[in-house]
Structures are given as structure tokens and as C-alpha cells.
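The next block is protein-v2.txt, given as compact mmCIF, C-alpha atoms.
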```txt
# COMPACT_ATOMS: atom_id res chain seq x y z
CA MET S 1 -38.70 15.04 11.86
CA TYR S 2 -37.96 18.41 13.48
CA GLU S 3 -40.82 20.32 15.04
CA ALA S 4 -40.01 23.75 16.45
CA SER S 5 -40.71 24.47 20.09
CA SER S 6 -44.16 25.93 20.65
CA LYS S 7 -42.57 28.23 23.26
CA ARG S 8 -39.97 29.74 20.92
CA TYR S 9 -41.39 33.25 21.04
CA GLU S 10 -42.14 33.44 24.76
CA LYS S 11 -38.83 34.89 25.96
CA MET S 12 -36.88 36.37 23.05
CA ILE S 13 -36.95 40.15 22.67
CA TYR S 14 -37.45 41.60 19.17
CA ASN S 15 -36.17 45.08 18.39
CA ARG S 16 -37.32 47.28 15.54
CA CYS S 17 -34.56 47.66 12.95
CA GLY S 18 -34.12 51.39 12.44
CA LYS S 19 -37.37 52.98 11.25
CA SER S 20 -38.42 49.93 9.24
CA GLY S 21 -41.25 47.55 9.96
CA LEU S 22 -38.78 44.69 10.47
CA LYS S 23 -37.89 43.45 13.93
CA LEU S 24 -34.78 41.43 14.68
CA PRO S 25 -34.21 39.19 17.68
CA ALA S 26 -31.93 40.74 20.30
CA VAL S 27 -29.67 37.73 19.68
CA SER S 28 -28.97 36.58 16.11
CA LEU S 29 -26.91 33.61 14.90
CA GLY S 30 -23.94 34.15 12.61
CA LEU S 31 -22.62 31.38 10.37
CA TRP S 32 -19.17 32.91 9.87
CA HIS S 33 -17.42 30.05 11.66
CA ASN S 34 -18.28 26.36 12.20
CA PHE S 35 -20.56 25.98 9.19
CA GLY S 36 -17.90 25.24 6.58
CA SER S 37 -16.89 22.22 4.57
CA ARG S 38 -14.77 20.72 7.36
CA ASP S 39 -17.38 21.01 10.12
CA SER S 40 -19.95 18.50 11.37
CA PHE S 41 -23.24 18.82 9.51
CA ASP S 42 -25.20 17.19 12.34
CA ASN S 43 -23.81 19.78 14.73
CA MET S 44 -24.84 22.56 12.33
CA ILE S 45 -28.41 21.27 12.32
CA GLN S 46 -28.47 21.07 16.10
CA MET S 47 -27.16 24.63 16.43
CA CYS S 48 -29.75 26.05 14.03
CA THR S 49 -32.68 24.22 15.61
CA GLU S 50 -31.47 25.15 19.12
CA ALA S 51 -31.34 28.77 18.01
CA PHE S 52 -34.82 28.73 16.48
CA ASP S 53 -36.29 26.94 19.49
CA HIS S 54 -35.10 29.90 21.58
CA GLY S 55 -36.64 32.53 19.31
CA ILE S 56 -33.51 33.31 17.30
CA THR S 57 -35.10 33.87 13.94
CA HIS S 58 -32.21 35.65 12.22
CA PHE S 59 -29.47 33.62 10.49
CA ASP S 60 -26.63 35.69 9.06
CA LEU S 61 -24.38 34.50 6.22
CA ALA S 62 -22.07 35.83 3.50
CA ASN S 63 -20.95 34.49 0.15
CA ASN S 64 -17.40 33.87 1.43
CA TYR S 65 -18.23 32.14 4.72
CA GLY S 66 -16.68 28.71 5.06
CA PRO S 67 -14.07 27.55 4.55
CA VAL S 68 -14.24 26.90 1.63
CA GLU S 69 -15.96 30.02 0.29
CA GLY S 70 -19.64 29.36 -0.28
CA SER S 71 -19.78 26.25 1.88
CA ALA S 72 -21.65 27.91 4.77
CA GLU S 73 -24.41 28.92 2.36
CA GLU S 74 -24.46 25.44 0.85
CA ASN S 75 -24.75 23.86 4.28
CA PHE S 76 -27.43 26.29 5.36
CA GLY S 77 -29.33 25.44 2.19
CA ARG S 78 -29.19 21.78 3.20
CA ILE S 79 -30.41 22.69 6.70
CA MET S 80 -33.28 24.68 5.22
CA ASP S 81 -34.27 21.77 3.00
CA LYS S 82 -33.94 19.20 5.75
CA VAL S 83 -35.49 20.91 8.79
CA LEU S 84 -36.28 24.63 8.51
CA LYS S 85 -38.16 24.88 5.20
CA PRO S 86 -41.64 24.76 6.81
CA TYR S 87 -40.66 27.82 8.87
CA ARG S 88 -39.28 30.00 6.04
CA ASP S 89 -41.75 32.82 6.66
CA GLU S 90 -40.69 32.98 10.31
CA LEU S 91 -37.01 33.40 9.44
CA ILE S 92 -34.80 36.36 8.61
CA ILE S 93 -32.01 35.11 6.35
CA SER S 94 -29.26 37.51 5.35
CA THR S 95 -26.21 37.25 3.15
CA LYS S 96 -23.51 39.58 1.85
CA ALA S 97 -21.12 40.22 -1.02
CA GLY S 98 -17.97 42.30 -1.12
CA TYR S 99 -14.99 40.06 -0.47
CA TYR S 100 -13.14 37.85 -2.98
CA MET S 101 -15.16 35.00 -4.45
CA TRP S 102 -13.85 34.18 -7.94
CA PRO S 103 -10.90 35.07 -10.23
CA GLY S 104 -10.80 38.10 -12.45
CA PRO S 105 -11.96 41.71 -12.13
CA TYR S 106 -15.62 40.86 -11.38
CA GLY S 107 -15.16 38.59 -8.37
CA GLU S 108 -15.06 41.05 -5.46
CA TRP S 109 -15.72 44.62 -4.21
CA GLY S 110 -18.85 46.60 -5.15
CA SER S 111 -19.63 46.73 -8.84
CA ARG S 112 -23.16 46.11 -10.08
CA LYS S 113 -21.81 43.12 -12.02
CA TYR S 114 -20.32 41.50 -8.93
CA LEU S 115 -23.15 42.16 -6.48
CA ILE S 116 -25.95 40.86 -8.67
CA SER S 117 -23.95 37.85 -9.86
CA SER S 118 -22.91 37.01 -6.30
CA LEU S 119 -26.45 37.13 -4.94
CA ASP S 120 -27.64 34.87 -7.75
CA GLN S 121 -24.97 32.37 -6.72
CA SER S 122 -25.89 32.70 -3.04
CA LEU S 123 -29.58 32.06 -3.71
CA LYS S 124 -28.68 28.98 -5.73
CA ARG S 125 -26.41 27.64 -2.96
CA MET S 126 -29.12 28.13 -0.33
CA GLY S 127 -32.01 27.01 -2.52
CA LEU S 128 -33.90 30.23 -1.83
CA GLU S 129 -35.98 32.54 -3.99
CA TYR S 130 -34.98 35.58 -1.93
CA VAL S 131 -33.09 36.68 1.16
CA ASP S 132 -34.56 38.99 3.74
CA ILE S 133 -31.48 41.24 3.98
CA PHE S 134 -28.70 41.61 1.42
CA TYR S 135 -25.57 43.51 2.47
CA HIS S 136 -22.71 45.14 0.68
CA HIS S 137 -19.97 43.61 2.81
CA ARG S 138 -17.29 46.32 2.63
CA PRO S 139 -16.80 49.76 1.07
CA ASP S 140 -15.20 49.77 -2.38
CA PRO S 141 -12.56 52.51 -2.77
CA GLU S 142 -12.77 52.46 -6.58
CA THR S 143 -16.38 51.82 -7.59
CA PRO S 144 -18.62 54.90 -7.31
CA LEU S 145 -20.83 54.60 -4.24
CA GLU S 146 -23.84 55.48 -6.40
CA GLU S 147 -23.27 52.39 -8.57
CA THR S 148 -23.12 50.12 -5.54
CA MET S 149 -26.26 51.62 -4.01
CA LEU S 150 -28.11 51.46 -7.33
CA ALA S 151 -27.21 47.77 -7.50
CA LEU S 152 -28.72 47.23 -4.04
CA ASP S 153 -31.84 49.09 -5.18
CA ALA S 154 -32.09 46.92 -8.30
CA ILE S 155 -31.75 43.78 -6.20
CA VAL S 156 -34.75 44.77 -4.07
CA LYS S 157 -36.79 45.70 -7.13
CA SER S 158 -35.98 42.31 -8.66
CA GLY S 159 -37.51 40.59 -5.63
CA LYS S 160 -34.25 38.86 -4.68
CA ALA S 161 -34.00 40.72 -1.34
CA LEU S 162 -36.61 42.39 0.85
CA TYR S 163 -34.25 44.83 2.57
CA VAL S 164 -30.65 45.93 2.09
CA GLY S 165 -27.81 46.78 4.43
CA ILE S 166 -24.15 47.69 4.50
CA SER S 167 -21.30 46.25 6.53
CA ASN S 168 -18.00 47.73 7.68
CA TYR S 169 -19.02 51.24 6.58
CA ASN S 170 -17.95 54.06 8.90
CA LYS S 171 -20.16 57.02 9.88
CA VAL S 172 -19.30 59.21 6.87
CA GLN S 173 -19.74 56.34 4.41
CA THR S 174 -23.01 55.34 6.07
CA GLU S 175 -24.36 58.87 5.85
CA GLU S 176 -23.49 59.05 2.14
CA ALA S 177 -25.05 55.65 1.42
CA MET S 178 -28.19 56.52 3.35
CA LYS S 179 -28.65 59.71 1.36
CA ILE S 180 -28.56 57.86 -1.98
CA LEU S 181 -30.80 55.03 -0.82
CA LYS S 182 -33.31 57.42 0.71
CA GLU S 183 -33.64 59.24 -2.60
CA LEU S 184 -34.19 55.91 -4.33
CA LYS S 185 -36.73 54.90 -1.64
CA THR S 186 -34.78 51.66 -1.17
CA PRO S 187 -35.57 49.80 2.08
CA PHE S 188 -32.14 50.29 3.65
CA ILE S 189 -32.30 49.29 7.31
CA ILE S 190 -28.98 48.23 8.85
CA ASN S 191 -25.20 48.46 9.16
CA GLN S 192 -23.25 45.46 10.44
CA ARG S 193 -20.10 46.42 12.33
CA GLN S 194 -17.63 44.84 14.70
CA TYR S 195 -18.38 45.89 18.27
CA SER S 196 -17.39 44.63 21.69
CA MET S 197 -15.97 45.88 24.97
CA PHE S 198 -12.53 45.60 23.35
CA GLU S 199 -13.47 46.99 19.89
CA ARG S 200 -15.35 50.27 20.08
CA ASN S 201 -14.73 51.97 16.75
CA ILE S 202 -18.44 52.56 16.15
CA GLU S 203 -18.51 54.71 19.28
CA GLU S 204 -15.28 56.51 18.44
CA ASP S 205 -16.27 57.48 14.89
CA GLY S 206 -19.79 58.46 15.97
CA LEU S 207 -21.61 55.80 13.94
CA LYS S 208 -23.43 54.16 16.83
CA HIS S 209 -25.25 57.28 17.96
CA PHE S 210 -25.71 58.61 14.41
CA ALA S 211 -27.42 55.39 13.33
CA ALA S 212 -29.77 55.44 16.30
CA GLU S 213 -30.68 59.07 15.63
CA ASN S 214 -31.24 58.55 11.89
CA GLY S 215 -33.24 55.36 11.74
CA CYS S 216 -30.49 52.91 10.84
CA GLY S 217 -30.24 49.63 12.72
CA ILE S 218 -26.91 48.33 14.00
CA ILE S 219 -26.05 44.66 14.34
CA ALA S 220 -22.81 43.87 16.15
CA PHE S 221 -20.48 41.07 15.04
CA SER S 222 -17.59 39.59 17.05
CA PRO S 223 -19.26 40.70 20.31
CA LEU S 224 -17.02 38.38 22.33
CA ALA S 225 -13.81 39.61 20.67
CA GLN S 226 -13.14 36.24 19.04
CA GLY S 227 -13.55 34.48 22.39
CA LEU S 228 -11.49 36.85 24.55
CA LEU S 229 -14.63 37.96 26.39
CA THR S 230 -15.20 34.50 27.82
CA ASP S 231 -13.48 32.69 30.65
CA LYS S 232 -11.78 30.18 28.33
CA TYR S 233 -8.37 31.90 28.33
CA LEU S 234 -8.09 32.58 32.06
CA LYS S 235 -6.35 29.24 32.62
CA GLY S 236 -4.23 29.24 29.46
CA ILE S 237 -4.96 28.62 25.78
CA PRO S 238 -7.12 25.51 25.21
CA GLU S 239 -6.02 23.17 22.43
CA ASP S 240 -9.46 23.37 20.79
CA SER S 241 -9.55 27.18 20.86
CA ARG S 242 -9.83 29.35 17.76
CA ILE S 243 -6.21 30.45 18.20
CA ARG S 244 -5.05 26.84 17.85
CA ARG S 245 -7.48 25.97 15.07
CA ASP S 246 -7.21 29.11 12.96
CA GLY S 247 -5.11 32.00 14.22
CA ARG S 248 -6.19 34.42 11.49
CA PHE S 249 -8.33 36.70 13.61
CA LEU S 250 -7.14 36.08 17.17
CA LYS S 251 -3.46 35.48 17.80
CA GLU S 252 -1.59 34.26 20.84
CA GLN S 253 0.14 37.63 21.23
CA ASP S 254 -3.28 39.26 21.69
CA ILE S 255 -3.57 37.57 25.08
CA THR S 256 -1.31 39.87 27.05
CA GLU S 257 -0.92 39.96 30.82
CA GLY S 258 -2.75 43.29 30.94
CA ARG S 259 -5.62 41.94 28.85
CA LEU S 260 -5.93 38.87 31.06
CA LYS S 261 -6.17 41.09 34.15
CA GLN S 262 -9.02 43.00 32.51
CA ILE S 263 -10.78 39.77 31.58
CA GLN S 264 -10.44 38.45 35.14
CA LYS S 265 -11.92 41.63 36.62
CA LEU S 266 -14.78 41.57 34.12
CA ASN S 267 -15.37 37.90 34.88
CA ASN S 268 -15.63 38.72 38.59
CA ILE S 269 -18.36 41.28 37.90
CA ALA S 270 -20.23 38.80 35.71
CA GLN S 271 -20.12 36.18 38.48
CA GLN S 272 -21.49 38.71 40.96
CA ARG S 273 -24.36 39.28 38.55
CA GLY S 274 -25.00 35.56 38.16
CA GLN S 275 -23.87 35.66 34.53
CA THR S 276 -21.05 34.18 32.54
CA LEU S 277 -18.57 36.69 31.14
CA ALA S 278 -19.92 35.98 27.65
CA GLN S 279 -23.47 36.76 28.75
CA MET S 280 -22.39 40.02 30.39
CA ALA S 281 -20.44 41.04 27.29
CA LEU S 282 -23.57 40.57 25.18
CA SER S 283 -25.72 42.42 27.70
CA TRP S 284 -23.21 45.30 27.62
CA ILE S 285 -23.65 45.69 23.85
CA LEU S 286 -27.42 45.95 24.21
CA ARG S 287 -27.22 48.20 27.29
CA ASP S 288 -28.50 51.47 25.77
CA HIS S 289 -30.85 50.23 23.00
CA GLU S 290 -28.74 51.80 20.23
CA VAL S 291 -27.76 48.34 18.91
CA THR S 292 -30.60 46.36 17.36
CA SER S 293 -29.14 42.87 17.65
CA VAL S 294 -25.99 41.12 18.74
CA LEU S 295 -24.61 38.49 16.38
CA ILE S 296 -23.28 35.42 18.15
CA GLY S 297 -21.18 32.59 16.78
CA ALA S 298 -21.13 29.14 18.28
CA SER S 299 -19.44 25.79 18.01
CA ARG S 300 -21.97 23.91 20.17
CA PRO S 301 -25.76 24.14 20.70
CA GLU S 302 -25.22 24.69 24.43
CA GLN S 303 -23.44 27.99 23.74
CA ILE S 304 -26.47 29.27 21.84
CA LYS S 305 -28.80 28.28 24.66
CA ASP S 306 -26.60 30.05 27.22
CA ASN S 307 -26.27 33.22 25.14
CA ALA S 308 -30.01 33.41 24.45
CA LYS S 309 -30.60 33.61 28.21
CA ILE S 310 -29.45 37.24 28.28
CA VAL S 311 -32.95 38.36 27.32
CA GLU S 312 -34.18 36.95 30.65
CA GLN S 313 -31.40 38.41 32.79
CA LYS S 314 -31.44 41.78 34.49
CA PRO S 315 -29.92 44.62 32.45
CA LEU S 316 -26.71 46.24 33.56
CA SER S 317 -27.17 49.03 36.09
CA GLN S 318 -25.56 52.43 35.57
CA LYS S 319 -23.16 51.68 38.42
CA GLU S 320 -22.12 48.39 36.84
CA ILE S 321 -21.59 50.11 33.49
CA GLU S 322 -19.36 52.68 35.18
CA ILE S 323 -17.30 49.95 36.87
CA ILE S 324 -16.88 48.13 33.56
CA GLU S 325 -15.77 51.39 31.93
CA SER S 326 -13.14 51.92 34.59
CA ILE S 327 -11.77 48.41 33.96
CA LEU S 328 -11.69 48.93 30.20
CA GLU S 329 -9.89 52.27 30.58
CA GLY S 330 -7.30 50.82 32.98
```
Mind turning this structure into C-alpha cells?
Amino acid sequence: MYEASSKRYEKMIYNRCGKSGLKLPAVSLGLWHNFGSRDSFDNMIQMCTEAFDHGITHFDLANNYGPVEGSAEENFGRIMDKVLKPYRDELIISTKAGYYMWPGPYGEWGSRKYLISSLDQSLKRMGLEYVDIFYHHRPDPETPLEETMLALDAIVKSGKALYVGISNYNKVQTEEAMKILKELKTPFIINQRQYSMFERNIEEDGLKHFAAENGCGIIAFSPLAQGLLTDKYLKGIPEDSRIRRDGRFLKEQDITEGRLKQIQKLNNIAQQRGQTLAQMALSWILRDHEVTSVLIGASRPEQIKDNAKIVEQKPLSQKEIEIIESILEG
């Protein structure tokens, strides 16, 4: 029977999420990949317990995570029932709705009908009475934003979520959503966006600084650029890599000669710091305290253990940040 490490809170850093009372671990675990119907359930258990033993209390899901859609939530529900149920009050569990889940006009996007129905399904799959954070997963170009935000408000008032968030919203959309939710007094706390050294849209559109200034947390997904910000591709493309297994999000043509040169230079800096490239890439995201948490994925428990170590490692110096910038601009 699993018993969590008594030292699980000794090293992890917890950052306040926006202006809310909720704190998130600096490192959170995402179940986007490797928790689907074709993955090893024993490995899933080991990854979740490894994460929790290192103070990673936040587990991030979505209705469509798999494959197949819904299977990550089903598997996490089994993990909760089997090993994590005694620790429910120590966990932050989040899920989302916005992408395609079932046929017909009510199976995706941002209508009140879809969001409430989807969360009911998610709670059933996970065997939970509530989630800690429920996100609208992507902006809906057709449904009025007010309807979507009112649905999030209703979900909190129903007791099915404690807080709400948005994902993939840009600065303008975030500002509009915040205004509605503030008037409703809905506990809106976070925006989940893609962010890494190689994907910096939240800086370019002004969202990152705006969120920090206006009490909205930011959690960064794909912080390692689908594995590019590791040393795995410096000697060629491994047969067990995501490119070989999937190829939907990272393609072979993304690994250009120029990109590899950047990765090699970044890897050299990481080695000088006594870090892996992955660790340095995560440290870079948290460098200025404008990002609340960095959302890691993993295929093995050892990766989670290594990534959690960033909270013990020295932060990047201003000089190191400037060197990294020069590499990224080159």
C-alpha cells in the first residue's frame, strides 16, 4: 500500500496563483501524454506517486487527453482510487473542456451546454465530487464570451469546481474574460499557455506581464518544446522519441541544423551550471516570478524526479539570461 513520503513538502516551492489564496507547486505534472489507453498503468502510478513524493501536488488533465479521449481522466480516476485517495485534500486536480469530445453541435467549443455536460463526464471518469480548477480550454469564436464565463461561474456555484481558469486565451481575450468574471465575483485565477525558450507568444502579445500585473496566474505547458529543449536530439532522432511515436506536435523537419546549433549552445550553458538542458529550460521559465508554475510531462518517474530538482538549484543569473537571449536571437 502506498504511503507518501513524509519529506514531500521539504523542498518544493509553492507560488501564489495570482491574487487568490491558492498556491501551486513551481513544478506541476501534466497528463497530456503517456496516460492514455495504450500506456502502462503501472508506470502511470509510479509517475504520480514519484511526483507527489517530491511535493508536486498539482495534476493537470483535460477531457480530451488520451488517446483515446477521456482515457487519461479514467486512468487518473483509477490512480486516485488505488493510491492517492487518502491525500485528496492535499491535491490540486484540474481539468478542461473546449476541444472535440462527442458528435453533434454540443460536443466542443464554449457553450454552457457543452461545458457543464463535459465537466459532469470528467467528474464521473475520475470518480471525483469536484475539481480544484476547471478551465475553458480554448476561445470560442462563435459563442458569446459572456455565456462561456457565466457557465464557469455556474460551475463554481454548483460546487463542481473551486476555481476556474482559461487556456490558450491571448492578452485581449484574457482581459475581457477577467472583466466579466470579476463582476460576477467568480474565483478566476489562471491562464494556461504554451511557453518555452522557443515559443514566446505570451511575451510578444503582452499577456505574461499583464497577467502578473493584474493578479492572474500563468501556468506554462510544453516548456521543453515537445522535447527539443533536452539533449535527446543532439545525436539524432531516437526511435522511442515523440517524433517517431506520434509526429502530430513535433515533426522531423522542426529539427533543423540551425535549431540543433542553438540546442547545443544551450546545452553547454546548462552543463556549466551543473544542470541538464531540460532543468535549465524549466528554470528559465520561472526566472522572473511572472509564471506561477511550469507544467511538465513525463514518460518515466526518473524524469519527474530530475525536473523537480530545479527548486533546489541556483536561479539563473542576469548574465546567464543575457547569454541565453543572445543564443535564442541568433
Just want the 12 Å neighbourhood of Lys265 (chain S), counted on only C-alpha atoms, with same-chain residues fewer than 2 positions away dropped. Output as a PDB file with C-alpha atoms, keeping the file's coordinate frame.
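After the write, part04.pdb holds the following:
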```pdb
ATOM      1  CA  LEU S 229     -14.630  37.960  26.390  1.00  0.00           C
ATOM      2  CA  THR S 230     -15.200  34.500  27.820  1.00  0.00           C
ATOM      3  CA  ASP S 231     -13.480  32.690  30.650  1.00  0.00           C
ATOM      4  CA  LEU S 234      -8.090  32.580  32.060  1.00  0.00           C
ATOM      5  CA  GLY S 258      -2.750  43.290  30.940  1.00  0.00           C
ATOM      6  CA  ARG S 259      -5.620  41.940  28.850  1.00  0.00           C
ATOM      7  CA  LEU S 260      -5.930  38.870  31.060  1.00  0.00           C
ATOM      8  CA  LYS S 261      -6.170  41.090  34.150  1.00  0.00           C
ATOM      9  CA  GLN S 262      -9.020  43.000  32.510  1.00  0.00           C
ATOM     10  CA  ILE S 263     -10.780  39.770  31.580  1.00  0.00           C
ATOM     11  CA  ASN S 267     -15.370  37.900  34.880  1.00  0.00           C
ATOM     12  CA  ASN S 268     -15.630  38.720  38.590  1.00  0.00           C
ATOM     13  CA  ILE S 269     -18.360  41.280  37.900  1.00  0.00           C
ATOM     14  CA  ALA S 270     -20.230  38.800  35.710  1.00  0.00           C
ATOM     15  CA  GLN S 271     -20.120  36.180  38.480  1.00  0.00           C
ATOM     16  CA  GLN S 272     -21.490  38.710  40.960  1.00  0.00           C
ATOM     17  CA  LEU S 277     -18.570  36.690  31.140  1.00  0.00           C
ATOM     18  CA  ILE S 323     -17.300  49.950  36.870  1.00  0.00           C
ATOM     19  CA  ILE S 324     -16.880  48.130  33.560  1.00  0.00           C
ATOM     20  CA  GLU S 325     -15.770  51.390  31.930  1.00  0.00           C
ATOM     21  CA  SER S 326     -13.140  51.920  34.590  1.00  0.00           C
ATOM     22  CA  ILE S 327     -11.770  48.410  33.960  1.00  0.00           C
ATOM     23  CA  LEU S 328     -11.690  48.930  30.200  1.00  0.00           C
ATOM     24  CA  GLY S 330      -7.300  50.820  32.980  1.00  0.00           C
TER      25      GLY S 330
END
```
Contact table region 11-71 of chain S vs region 188-209 of chain S, cut-off 10 Å, shortest pair per residue, only C-alpha atoms, as a tab-separated table:
```
residue	atom	partner	partner_atom	distance
S:Arg16	CA	S:Ile189	CA	9.8
S:Cys17	CA	S:Ile189	CA	6.3
S:Gly18	CA	S:Ile189	CA	5.8
S:Lys19	CA	S:Ile189	CA	7.4
S:Ser20	CA	S:Ile189	CA	6.4
S:Gly21	CA	S:Ile189	CA	9.5
S:Leu22	CA	S:Ile189	CA	8.6
```
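For the set S:Tyr65, S:Tyr233, S:Phe221, S:Tyr135, the residue with the smallest atom-to-atom gap to Leu119 (chain S) is S:Tyr135, counting all atoms listed in the file.
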Computed interatomic separation between CA of Val156 (chain S) and CA of Ala220 (chain S) (Å): 23.5 Å
Closest of S:Leu282, S:Met178, S:Ala72, S:Ile92 to Met149 (chain S) - atom-to-atom distances counting only C-alpha atoms: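 So, comparing all the options, the nearest one is S:Met178.
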For Glu312 (chain S): contacts at 10 Å, all atoms listed in the file, fewer than 5 positions along chain excluded, given as a VMD selection string: chain S and resid 11 to 13
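Here CA of Glu108 (chain S) stands at a distance of 17.8 Å from CA of Trp32 (chain S).
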Selected residue, from S:Lys82, S:Lys305, S:Arg88, S:Arg300, that lies nearest to His54 (chain S) when counting only C-alpha atoms: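 So, comparing all the options, the nearest one is S:Lys305.
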Atom-to-atom span, CA of Leu181 (chain S) and CA of Ser94 (chain S), Å: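 About the pair CA of Leu181 (chain S) and CA of Ser94 (chain S): they are 18.6 Å apart.
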Protein, DNA and RNA residues within 12 Å of (-17.6, 49.5, -3.9), only C-alpha atoms, as a PDB file with C-alpha atoms, keeping the file's coordinate frame:
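What landed in out_7.pdb:
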```pdb
ATOM      1  CA  ALA S  97     -21.120  40.220  -1.020  1.00  0.00           C
ATOM      2  CA  GLY S  98     -17.970  42.300  -1.120  1.00  0.00           C
ATOM      3  CA  TYR S  99     -14.990  40.060  -0.470  1.00  0.00           C
ATOM      4  CA  TYR S 106     -15.620  40.860 -11.380  1.00  0.00           C
ATOM      5  CA  GLU S 108     -15.060  41.050  -5.460  1.00  0.00           C
ATOM      6  CA  TRP S 109     -15.720  44.620  -4.210  1.00  0.00           C
ATOM      7  CA  GLY S 110     -18.850  46.600  -5.150  1.00  0.00           C
ATOM      8  CA  SER S 111     -19.630  46.730  -8.840  1.00  0.00           C
ATOM      9  CA  ARG S 112     -23.160  46.110 -10.080  1.00  0.00           C
ATOM     10  CA  LYS S 113     -21.810  43.120 -12.020  1.00  0.00           C
ATOM     11  CA  TYR S 114     -20.320  41.500  -8.930  1.00  0.00           C
ATOM     12  CA  LEU S 115     -23.150  42.160  -6.480  1.00  0.00           C
ATOM     13  CA  TYR S 135     -25.570  43.510   2.470  1.00  0.00           C
ATOM     14  CA  HIS S 136     -22.710  45.140   0.680  1.00  0.00           C
ATOM     15  CA  HIS S 137     -19.970  43.610   2.810  1.00  0.00           C
ATOM     16  CA  ARG S 138     -17.290  46.320   2.630  1.00  0.00           C
ATOM     17  CA  PRO S 139     -16.800  49.760   1.070  1.00  0.00           C
ATOM     18  CA  ASP S 140     -15.200  49.770  -2.380  1.00  0.00           C
ATOM     19  CA  PRO S 141     -12.560  52.510  -2.770  1.00  0.00           C
ATOM     20  CA  GLU S 142     -12.770  52.460  -6.580  1.00  0.00           C
ATOM     21  CA  THR S 143     -16.380  51.820  -7.590  1.00  0.00           C
ATOM     22  CA  PRO S 144     -18.620  54.900  -7.310  1.00  0.00           C
ATOM     23  CA  LEU S 145     -20.830  54.600  -4.240  1.00  0.00           C
ATOM     24  CA  GLU S 146     -23.840  55.480  -6.400  1.00  0.00           C
ATOM     25  CA  GLU S 147     -23.270  52.390  -8.570  1.00  0.00           C
ATOM     26  CA  THR S 148     -23.120  50.120  -5.540  1.00  0.00           C
ATOM     27  CA  MET S 149     -26.260  51.620  -4.010  1.00  0.00           C
ATOM     28  CA  LEU S 150     -28.110  51.460  -7.330  1.00  0.00           C
ATOM     29  CA  ALA S 151     -27.210  47.770  -7.500  1.00  0.00           C
ATOM     30  CA  LEU S 152     -28.720  47.230  -4.040  1.00  0.00           C
ATOM     31  CA  ILE S 166     -24.150  47.690   4.500  1.00  0.00           C
ATOM     32  CA  SER S 167     -21.300  46.250   6.530  1.00  0.00           C
ATOM     33  CA  ASN S 168     -18.000  47.730   7.680  1.00  0.00           C
ATOM     34  CA  TYR S 169     -19.020  51.240   6.580  1.00  0.00           C
ATOM     35  CA  GLN S 173     -19.740  56.340   4.410  1.00  0.00           C
ATOM     36  CA  ALA S 177     -25.050  55.650   1.420  1.00  0.00           C
TER      37      ALA S 177
END
```
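Of the listed residues (S:Gly55, S:Gly127, S:Gly274, S:Gly107), S:Gly127 comes nearest to Gly77 (chain S); the distances count all atoms listed in the file.
Proximity ranking of S:Ala281, S:Phe41, S:Lys171, S:Asp153 relative to Leu184 (chain S) places S:Asp153 first, based on all atoms listed in the file.
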Given all atoms listed in the file as the counted atoms, nearest of S:Ile219, S:Ala308, S:Ile116, S:Ile285 to Phe52 (chain S): S:Ala308
Expected axis-aligned box over every listed atom of region 31-35 of chain S, 3 Å added per side, centre plus edges in Å to one decimal, as lines of an AutoDock Vina configuration file:
```
center_x = -20.0
center_y = 29.4
center_z = 10.7
size_x = 11.2
size_y = 12.9
size_z = 9.0
```
Do you know which residues lie at most 10 Å from (-18.0, 19.9, 5.2), with coordinates as in the file and only C-alpha atoms counted, and could you write them as a PDB file with C-alpha atoms, in the coordinates of the input?
```pdb
ATOM      1  CA  ASN S  34     -18.280  26.360  12.200  1.00  0.00           C
ATOM      2  CA  PHE S  35     -20.560  25.980   9.190  1.00  0.00           C
ATOM      3  CA  GLY S  36     -17.900  25.240   6.580  1.00  0.00           C
ATOM      4  CA  SER S  37     -16.890  22.220   4.570  1.00  0.00           C
ATOM      5  CA  ARG S  38     -14.770  20.720   7.360  1.00  0.00           C
ATOM      6  CA  ASP S  39     -17.380  21.010  10.120  1.00  0.00           C
ATOM      7  CA  SER S  40     -19.950  18.500  11.370  1.00  0.00           C
ATOM      8  CA  PHE S  41     -23.240  18.820   9.510  1.00  0.00           C
ATOM      9  CA  GLY S  66     -16.680  28.710   5.060  1.00  0.00           C
ATOM     10  CA  PRO S  67     -14.070  27.550   4.550  1.00  0.00           C
ATOM     11  CA  VAL S  68     -14.240  26.900   1.630  1.00  0.00           C
ATOM     12  CA  SER S  71     -19.780  26.250   1.880  1.00  0.00           C
ATOM     13  CA  ALA S  72     -21.650  27.910   4.770  1.00  0.00           C
ATOM     14  CA  GLU S  74     -24.460  25.440   0.850  1.00  0.00           C
ATOM     15  CA  ASN S  75     -24.750  23.860   4.280  1.00  0.00           C
TER      16      ASN S  75
END
```
Contacts of Gln303 (chain S) within 10 Å, all atoms listed in the file, excl. fewer than 5 positions in-chain, as a PyMOL selection string: chain S and resi 47+50-51+278+296-298+308
Residues near Ala26 (chain S), cut-off 9 Å, only C-alpha atoms, skip fewer than 5 positions along chain, as a list in words: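 Everything that qualifies: Met12, Ile13, Tyr14, Asn15, Ile56, Leu286, Val291, Thr292, Ser293, Val294, Leu295, Ala308 and Val311 of chain S.
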